[in-house]
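What follows is one structure encoded as structure tokens, with my remarks underneath.
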Amino acid sequence: MKKHEIVGYNRANLGKTESKALRAEGYVPGVLYGGKTQVHFYAPAILFRQLLTSPEAYQVTLNIEGDEYVAILQDTQFHPVNDQLLHADFLEIVEGKDIKVEVPVRFIGTAPGVQKGGKLIQKLRKLKLRGPADRIPDFVDVNVADLDLGKTVKVGAVKLEGIEILDGPLLPIATIEIPRSMRGKTAA
């Protein structure tokens with residue numbers, strides 16, 4: 001996983017009024033859980049941009065007034081109208097405990113179906129994985145070198161050592177769509 005750092009401050013007062021005041025000043029309230037204690041904090045909204053706009057999975061170092069925690073971004077809440085980040089939840093990475101995280105899919109190889117005129121359609125952009133944080137990859141590599149026209153690669157075909165894939169094995173990851181101009185010719 002890629003690394004990112006967020007510097008924040010402990011929250012003295014919890015509640016709706018205090019959270020609204022923090023958001024008005026350009027901060028995002030957050031909570032860190034999963035470790036020994038819950039930590040309520042706030043951080044500048046600009047520090048979350050890379051986490052929210054990139055498809056990669058990040059291991060975040062939270063520096064909250066000198067105390068450092070290693071975590072992953074678990075959940076975010078956005079305003080329904082203006083898409084402002086309202087709240088961020090972080091799960092602390094504890095040694096010996098498995099974490100659940102979504103990791104982006106990356107295709108390897110050239111599909112023969114694409115060379116024949118088909119179109120590669122990506123059905124699943126991320127896979128849900130569970131395992132130790134140090135074994136989680138940056139990307140899940142899916143080999144599409146065997147995909148011909150009309151063929152599909154499913155989650156069950158992906159094998160990762162020491163990591164459990166939480167998505168159903170029959171879920172399609174990618175398929176080669178037959179072009180309309182070729183449909184009658186391949187069926188005959």
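Identifiers in the structure tokens: chain A, B, ... in order shown; residue index from 1 per chain; ligand index from 1 in order shown.
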Taking only residues of range 55-150 of chain A that have an atom at most 10 Å from an atom of range 162-168 of chain A, what is each one's shortest atom pair and its distance in Å to one decimal, using only C-alpha atoms, in chain and number order, as a tab-separated table?
residue	atom	partner	partner_atom	distance
A:Asp98	CA	A:Ile163	CA	9.4
A:Lys100	CA	A:Leu166	CA	8.7
A:Val101	CA	A:Leu166	CA	9.7
A:Glu102	CA	A:Leu166	CA	9.6
A:Lys126	CA	A:Asp167	CA	9.7
A:Leu127	CA	A:Asp167	CA	6.6
A:Lys128	CA	A:Leu166	CA	5.3
A:Leu129	CA	A:Ile165	CA	4.7
A:Arg130	CA	A:Glu164	CA	5.2
A:Gly131	CA	A:Ile163	CA	4.9
A:Pro132	CA	A:Ile163	CA	7.6
A:Ala133	CA	A:Ile163	CA	9.9
A:Arg135	CA	A:Ile163	CA	7.3
A:Ile136	CA	A:Ile163	CA	7.4
A:Pro137	CA	A:Ile163	CA	9.6
Could you save the residues just selected, with N, CA, C and O atoms, as a PDB file, in the first residue's frame?
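Everything below was put into part-v6.pdb:
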ATOM      1  N   ASP A  98      -6.048  -8.749  11.158  1.00  0.00           N
ATOM      2  CA  ASP A  98      -6.309  -8.574   9.736  1.00  0.00           C
ATOM      3  C   ASP A  98      -7.128  -7.315   9.509  1.00  0.00           C
ATOM      4  O   ASP A  98      -7.913  -6.901  10.362  1.00  0.00           O
ATOM      5  N   LYS A 100      -9.603  -5.167   6.472  1.00  0.00           N
ATOM      6  CA  LYS A 100     -10.383  -5.267   5.235  1.00  0.00           C
ATOM      7  C   LYS A 100     -10.158  -3.974   4.464  1.00  0.00           C
ATOM      8  O   LYS A 100     -10.291  -2.889   5.017  1.00  0.00           O
ATOM      9  N   VAL A 101      -9.837  -4.130   3.169  1.00  0.00           N
ATOM     10  CA  VAL A 101      -9.551  -2.952   2.352  1.00  0.00           C
ATOM     11  C   VAL A 101      -9.906  -3.259   0.897  1.00  0.00           C
ATOM     12  O   VAL A 101      -9.865  -4.409   0.472  1.00  0.00           O
ATOM     13  N   GLU A 102     -10.287  -2.217   0.157  1.00  0.00           N
ATOM     14  CA  GLU A 102     -10.548  -2.364  -1.276  1.00  0.00           C
ATOM     15  C   GLU A 102      -9.302  -1.945  -2.036  1.00  0.00           C
ATOM     16  O   GLU A 102      -8.757  -0.867  -1.808  1.00  0.00           O
ATOM     17  N   LYS A 126     -12.454  -2.490  -8.151  1.00  0.00           N
ATOM     18  CA  LYS A 126     -11.717  -2.801  -6.928  1.00  0.00           C
ATOM     19  C   LYS A 126     -12.172  -4.143  -6.380  1.00  0.00           C
ATOM     20  O   LYS A 126     -13.326  -4.531  -6.561  1.00  0.00           O
ATOM     21  N   LEU A 127     -11.263  -4.833  -5.707  1.00  0.00           N
ATOM     22  CA  LEU A 127     -11.571  -6.084  -5.025  1.00  0.00           C
ATOM     23  C   LEU A 127     -11.450  -5.862  -3.521  1.00  0.00           C
ATOM     24  O   LEU A 127     -10.536  -5.181  -3.062  1.00  0.00           O
ATOM     25  N   LYS A 128     -12.372  -6.463  -2.755  1.00  0.00           N
ATOM     26  CA  LYS A 128     -12.320  -6.383  -1.299  1.00  0.00           C
ATOM     27  C   LYS A 128     -11.426  -7.506  -0.794  1.00  0.00           C
ATOM     28  O   LYS A 128     -11.674  -8.672  -1.075  1.00  0.00           O
ATOM     29  N   LEU A 129     -10.404  -7.131  -0.028  1.00  0.00           N
ATOM     30  CA  LEU A 129      -9.440  -8.094   0.493  1.00  0.00           C
ATOM     31  C   LEU A 129      -9.397  -8.038   2.012  1.00  0.00           C
ATOM     32  O   LEU A 129      -9.669  -6.997   2.614  1.00  0.00           O
ATOM     33  N   ARG A 130      -9.037  -9.188   2.620  1.00  0.00           N
ATOM     34  CA  ARG A 130      -8.811  -9.234   4.068  1.00  0.00           C
ATOM     35  C   ARG A 130      -7.498  -9.962   4.315  1.00  0.00           C
ATOM     36  O   ARG A 130      -7.277 -11.052   3.767  1.00  0.00           O
ATOM     37  N   GLY A 131      -6.644  -9.352   5.133  1.00  0.00           N
ATOM     38  CA  GLY A 131      -5.368  -9.970   5.444  1.00  0.00           C
ATOM     39  C   GLY A 131      -4.502  -9.025   6.257  1.00  0.00           C
ATOM     40  O   GLY A 131      -4.914  -7.908   6.583  1.00  0.00           O
ATOM     41  N   PRO A 132      -3.285  -9.462   6.582  1.00  0.00           N
ATOM     42  CA  PRO A 132      -2.359  -8.585   7.311  1.00  0.00           C
ATOM     43  C   PRO A 132      -1.990  -7.367   6.460  1.00  0.00           C
ATOM     44  O   PRO A 132      -1.868  -7.467   5.244  1.00  0.00           O
ATOM     45  N   ALA A 133      -1.817  -6.231   7.106  1.00  0.00           N
ATOM     46  CA  ALA A 133      -1.550  -4.979   6.379  1.00  0.00           C
ATOM     47  C   ALA A 133      -0.281  -5.050   5.550  1.00  0.00           C
ATOM     48  O   ALA A 133      -0.213  -4.465   4.467  1.00  0.00           O
ATOM     49  N   ARG A 135       0.840  -7.498   3.876  1.00  0.00           N
ATOM     50  CA  ARG A 135       0.686  -8.373   2.716  1.00  0.00           C
ATOM     51  C   ARG A 135      -0.272  -7.810   1.667  1.00  0.00           C
ATOM     52  O   ARG A 135      -0.417  -8.384   0.598  1.00  0.00           O
ATOM     53  N   ILE A 136      -0.957  -6.726   1.975  1.00  0.00           N
ATOM     54  CA  ILE A 136      -1.914  -6.129   1.041  1.00  0.00           C
ATOM     55  C   ILE A 136      -1.134  -5.474  -0.104  1.00  0.00           C
ATOM     56  O   ILE A 136      -0.291  -4.612   0.124  1.00  0.00           O
ATOM     57  N   PRO A 137      -1.426  -5.860  -1.360  1.00  0.00           N
ATOM     58  CA  PRO A 137      -0.695  -5.277  -2.497  1.00  0.00           C
ATOM     59  C   PRO A 137      -1.247  -3.903  -2.891  1.00  0.00           C
ATOM     60  O   PRO A 137      -2.349  -3.523  -2.488  1.00  0.00           O
TER      61      PRO A 137
END
Do you have, as a Markdown table, the list of residues of range 41-107 of chain A lying at most 9 Å from range 112-125 of chain A, each with its nearest atom pair and that distance in Å to one decimal, counting only C-alpha atoms and ordered by chain then number?
| residue | atom | partner | partner_atom | distance |
| --- | --- | --- | --- | --- |
| A:Pro55 | CA | A:Arg125 | CA | 8.9 |
| A:Val103 | CA | A:Arg125 | CA | 8.5 |
| A:Pro104 | CA | A:Arg125 | CA | 5.8 |
| A:Val105 | CA | A:Arg125 | CA | 5.6 |
| A:Arg106 | CA | A:Arg125 | CA | 8.5 |
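Restricting the calculation to only C-alpha atoms, the smallest distance between Val60 in chain A and any of A:Glu161, A:Asp75, A:Asp83, A:Glu5 is found for A:Glu5.
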Legend entry - Those of range 9-156 of chain A in DSSP strand (DSSP E or B), formatted as JSON, numbers by chain: {"A": [9, 10, 27, 28, 29, 30, 31, 32, 33, 39, 40, 41, 42, 43, 44, 58, 59, 60, 61, 62, 63, 64, 67, 68, 69, 70, 71, 72, 73, 74, 75, 76, 77, 78, 85, 86, 87, 88, 89, 90, 91, 92, 99, 100, 101, 102, 103, 104, 105, 106, 107, 108, 119, 120, 121, 122, 126, 127, 128, 129, 130, 131, 140, 141, 142, 143, 152, 153, 154]}
Inset, instruction - From range 6-182 of chain A, collect each residue whose DSSP state is alpha helix (DSSP H) and return the set as a PyMOL selection string. - result: chain A and resi 16-24+49-53+112-115+180-182
Just the residues within 10 Å of Val142 in chain A, please, counting only C-alpha atoms, with nothing from its chain fewer than 5 positions along; format it as a JSON list (two decimals) with N, CA, C and O atoms, in the first residue's frame.
[["chain", "number", "residue", "atom", "x", "y", "z"],
["A", 105, "VAL", "N", -7.96, -2.94, -9.30],
["A", 105, "VAL", "CA", -7.61, -4.02, -10.22],
["A", 105, "VAL", "C", -6.76, -3.44, -11.35],
["A", 105, "VAL", "O", -7.05, -2.35, -11.86],
["A", 106, "ARG", "N", -5.72, -4.19, -11.76],
["A", 106, "ARG", "CA", -4.87, -3.78, -12.87],
["A", 106, "ARG", "C", -4.77, -4.96, -13.83],
["A", 106, "ARG", "O", -4.54, -6.09, -13.41],
["A", 107, "PHE", "N", -4.93, -4.70, -15.13],
["A", 107, "PHE", "CA", -4.90, -5.76, -16.13],
["A", 107, "PHE", "C", -3.50, -5.96, -16.67],
["A", 107, "PHE", "O", -2.77, -5.00, -16.91],
["A", 108, "ILE", "N", -3.15, -7.25, -16.88],
["A", 108, "ILE", "CA", -1.84, -7.62, -17.41],
["A", 108, "ILE", "C", -2.06, -8.40, -18.70],
["A", 108, "ILE", "O", -2.94, -9.27, -18.77],
["A", 109, "GLY", "N", -1.28, -8.10, -19.71],
["A", 109, "GLY", "CA", -1.36, -8.82, -20.97],
["A", 109, "GLY", "C", -2.30, -8.16, -21.96],
["A", 109, "GLY", "O", -3.03, -7.23, -21.63],
["A", 153, "VAL", "N", -13.41, -12.95, -17.36],
["A", 153, "VAL", "CA", -12.58, -13.39, -16.24],
["A", 153, "VAL", "C", -13.31, -13.03, -14.95],
["A", 153, "VAL", "O", -13.84, -11.93, -14.83],
["A", 154, "LYS", "N", -13.38, -14.00, -14.02],
["A", 154, "LYS", "CA", -14.14, -13.82, -12.79],
["A", 154, "LYS", "C", -13.21, -13.77, -11.58],
["A", 154, "LYS", "O", -12.04, -14.11, -11.66],
["A", 155, "VAL", "N", -13.77, -13.35, -10.46],
["A", 155, "VAL", "CA", -12.99, -13.19, -9.22],
["A", 155, "VAL", "C", -12.36, -14.51, -8.80],
["A", 155, "VAL", "O", -11.24, -14.55, -8.29],
["A", 157, "ALA", "N", -10.88, -16.65, -10.46],
["A", 157, "ALA", "CA", -9.64, -16.93, -11.18],
["A", 157, "ALA", "C", -8.43, -16.22, -10.56],
["A", 157, "ALA", "O", -7.30, -16.53, -10.87],
["A", 158, "VAL", "N", -8.67, -15.26, -9.67],
["A", 158, "VAL", "CA", -7.59, -14.50, -9.04],
["A", 158, "VAL", "C", -7.12, -15.24, -7.80],
["A", 158, "VAL", "O", -7.92, -15.60, -6.94],
["A", 159, "LYS", "N", -5.83, -15.45, -7.69],
["A", 159, "LYS", "CA", -5.24, -16.12, -6.53],
["A", 159, "LYS", "C", -4.23, -15.18, -5.88],
["A", 159, "LYS", "O", -3.33, -14.68, -6.54],
["A", 173, "ILE", "N", -14.92, -9.72, -13.44],
["A", 173, "ILE", "CA", -13.99, -8.59, -13.33],
["A", 173, "ILE", "C", -13.93, -7.85, -14.66],
["A", 173, "ILE", "O", -14.00, -6.63, -14.70],
["A", 174, "ALA", "N", -13.79, -8.61, -15.75],
["A", 174, "ALA", "CA", -13.71, -8.01, -17.08],
["A", 174, "ALA", "C", -14.26, -8.98, -18.11],
["A", 174, "ALA", "O", -14.23, -10.19, -17.91]]
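Of the residues listed (A:Leu51, A:Ile99, A:Ile64, A:Val140), A:Leu51 shows the shortest atom-to-atom separation from Lys2 in chain A; distances use only C-alpha atoms.
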Inset, instruction - Name the residues in contact with Asn13 in chain A at a cut-off of 12 Å, using only C-alpha atoms, excluding same-chain residues fewer than 6 positions from it; report them as a ChimeraX atom specification. - result: /A:19-22,29,40-42
Save out the residues we just selected, all heavy atoms, as an mmCIF file, in the first residue's frame.
data_model
loop_
_atom_site.group_PDB
_atom_site.id
_atom_site.type_symbol
_atom_site.label_atom_id
_atom_site.label_comp_id
_atom_site.auth_asym_id
_atom_site.auth_seq_id
_atom_site.Cartn_x
_atom_site.Cartn_y
_atom_site.Cartn_z
ATOM 1 N N SER A 19 -18.611 20.438 15.456
ATOM 2 C CA SER A 19 -18.248 19.914 14.136
ATOM 3 C C SER A 19 -18.549 20.918 13.039
ATOM 4 O O SER A 19 -17.756 21.097 12.112
ATOM 5 C CB SER A 19 -18.997 18.611 13.854
ATOM 6 O OG SER A 19 -18.598 17.617 14.759
ATOM 7 N N LYS A 20 -19.702 21.589 13.123
ATOM 8 C CA LYS A 20 -20.050 22.612 12.124
ATOM 9 C C LYS A 20 -19.055 23.759 12.148
ATOM 10 O O LYS A 20 -18.668 24.282 11.098
ATOM 11 C CB LYS A 20 -21.467 23.139 12.378
ATOM 12 C CG LYS A 20 -22.544 22.214 11.897
ATOM 13 C CD LYS A 20 -23.903 22.865 12.080
ATOM 14 C CE LYS A 20 -24.987 21.966 11.543
ATOM 15 N NZ LYS A 20 -26.321 22.577 11.653
ATOM 16 N N ALA A 21 -18.628 24.159 13.338
ATOM 17 C CA ALA A 21 -17.662 25.247 13.457
ATOM 18 C C ALA A 21 -16.316 24.843 12.844
ATOM 19 O O ALA A 21 -15.667 25.647 12.161
ATOM 20 C CB ALA A 21 -17.487 25.629 14.927
ATOM 21 N N LEU A 22 -15.901 23.588 13.052
ATOM 22 C CA LEU A 22 -14.640 23.109 12.468
ATOM 23 C C LEU A 22 -14.721 23.097 10.942
ATOM 24 O O LEU A 22 -13.781 23.503 10.262
ATOM 25 C CB LEU A 22 -14.323 21.704 12.980
ATOM 26 C CG LEU A 22 -13.833 21.595 14.414
ATOM 27 C CD1 LEU A 22 -13.748 20.128 14.839
ATOM 28 C CD2 LEU A 22 -12.495 22.274 14.573
ATOM 29 N N PRO A 29 -13.610 16.854 10.785
ATOM 30 C CA PRO A 29 -13.568 16.036 11.998
ATOM 31 C C PRO A 29 -13.388 14.564 11.632
ATOM 32 O O PRO A 29 -13.861 14.111 10.588
ATOM 33 C CB PRO A 29 -14.930 16.261 12.650
ATOM 34 C CG PRO A 29 -15.718 17.114 11.744
ATOM 35 C CD PRO A 29 -14.908 17.444 10.551
ATOM 36 N N HIS A 40 -10.534 11.079 18.836
ATOM 37 C CA HIS A 40 -11.306 12.043 18.053
ATOM 38 C C HIS A 40 -10.375 13.201 17.718
ATOM 39 O O HIS A 40 -9.719 13.760 18.601
ATOM 40 C CB HIS A 40 -12.513 12.538 18.853
ATOM 41 C CG HIS A 40 -13.493 11.447 19.162
ATOM 42 N ND1 HIS A 40 -14.468 11.065 18.281
ATOM 43 C CD2 HIS A 40 -13.626 10.639 20.236
ATOM 44 C CE1 HIS A 40 -15.168 10.082 18.794
ATOM 45 N NE2 HIS A 40 -14.674 9.794 19.990
ATOM 46 N N PHE A 41 -10.337 13.574 16.437
ATOM 47 C CA PHE A 41 -9.394 14.593 15.996
ATOM 48 C C PHE A 41 -10.014 15.399 14.862
ATOM 49 O O PHE A 41 -11.097 15.102 14.369
ATOM 50 C CB PHE A 41 -8.075 13.953 15.546
ATOM 51 C CG PHE A 41 -8.199 13.115 14.302
ATOM 52 C CD1 PHE A 41 -7.908 13.652 13.060
ATOM 53 C CD2 PHE A 41 -8.605 11.784 14.375
ATOM 54 C CE1 PHE A 41 -8.030 12.884 11.905
ATOM 55 C CE2 PHE A 41 -8.727 11.017 13.236
ATOM 56 C CZ PHE A 41 -8.434 11.565 11.999
ATOM 57 N N TYR A 42 -9.308 16.439 14.451
ATOM 58 C CA TYR A 42 -9.665 17.185 13.246
ATOM 59 C C TYR A 42 -8.379 17.535 12.508
ATOM 60 O O TYR A 42 -7.316 17.639 13.103
ATOM 61 C CB TYR A 42 -10.502 18.427 13.570
ATOM 62 C CG TYR A 42 -9.805 19.481 14.395
ATOM 63 C CD1 TYR A 42 -9.168 20.557 13.788
ATOM 64 C CD2 TYR A 42 -9.798 19.413 15.787
ATOM 65 C CE1 TYR A 42 -8.541 21.535 14.537
ATOM 66 C CE2 TYR A 42 -9.172 20.384 16.544
ATOM 67 C CZ TYR A 42 -8.549 21.440 15.921
ATOM 68 O OH TYR A 42 -7.926 22.407 16.658
#
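Going from CA of Val28 in chain A to CA of Met1 in chain A covers 23.5 Å.
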Inset, instruction - Using only C-alpha atoms, find the one residue out of A:Pro169, A:Pro44, A:Gly184, A:Gly8 that sits nearest to Gly26 in chain A. - result: A:Pro44
Legend entry - Counting only C-alpha atoms, the residue of A:Glu56, A:Val31, A:Thr61, A:Val94 that sits nearest Gln74 in chain A: A:Val31
Inset, instruction - Give me the residues within 6 Å of Ala145 in chain A as a PyMOL selection string, counting only C-alpha atoms and dropping any in the same chain fewer than 2 places off. - result: chain A and resi 109-111+143+147
Inset, instruction - Name the residues in contact with Ile72 in chain A at a cut-off of 7 Å, using only C-alpha atoms, excluding same-chain residues fewer than 6 positions from it; report them as a ChimeraX atom specification. - result: /A:58-60,90-92
Legend entry - Selected residue, from A:Asn63, A:Gly30, A:Arg23, A:Leu47, that lies nearest to His79 in chain A when counting only C-alpha atoms: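 Answer, going by the shortest atom-to-atom distance: A:Arg23.
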Legend entry - Distance of CA of Tyr27 in chain A from CA of Ala45 in chain A, expressed in Å to one decimal place: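 So the answer is 5.1 Å.
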Legend entry - Point-to-point distance in Å for CA of Gly150 in chain A and CA of Met182 in chain A: 11.2 Å
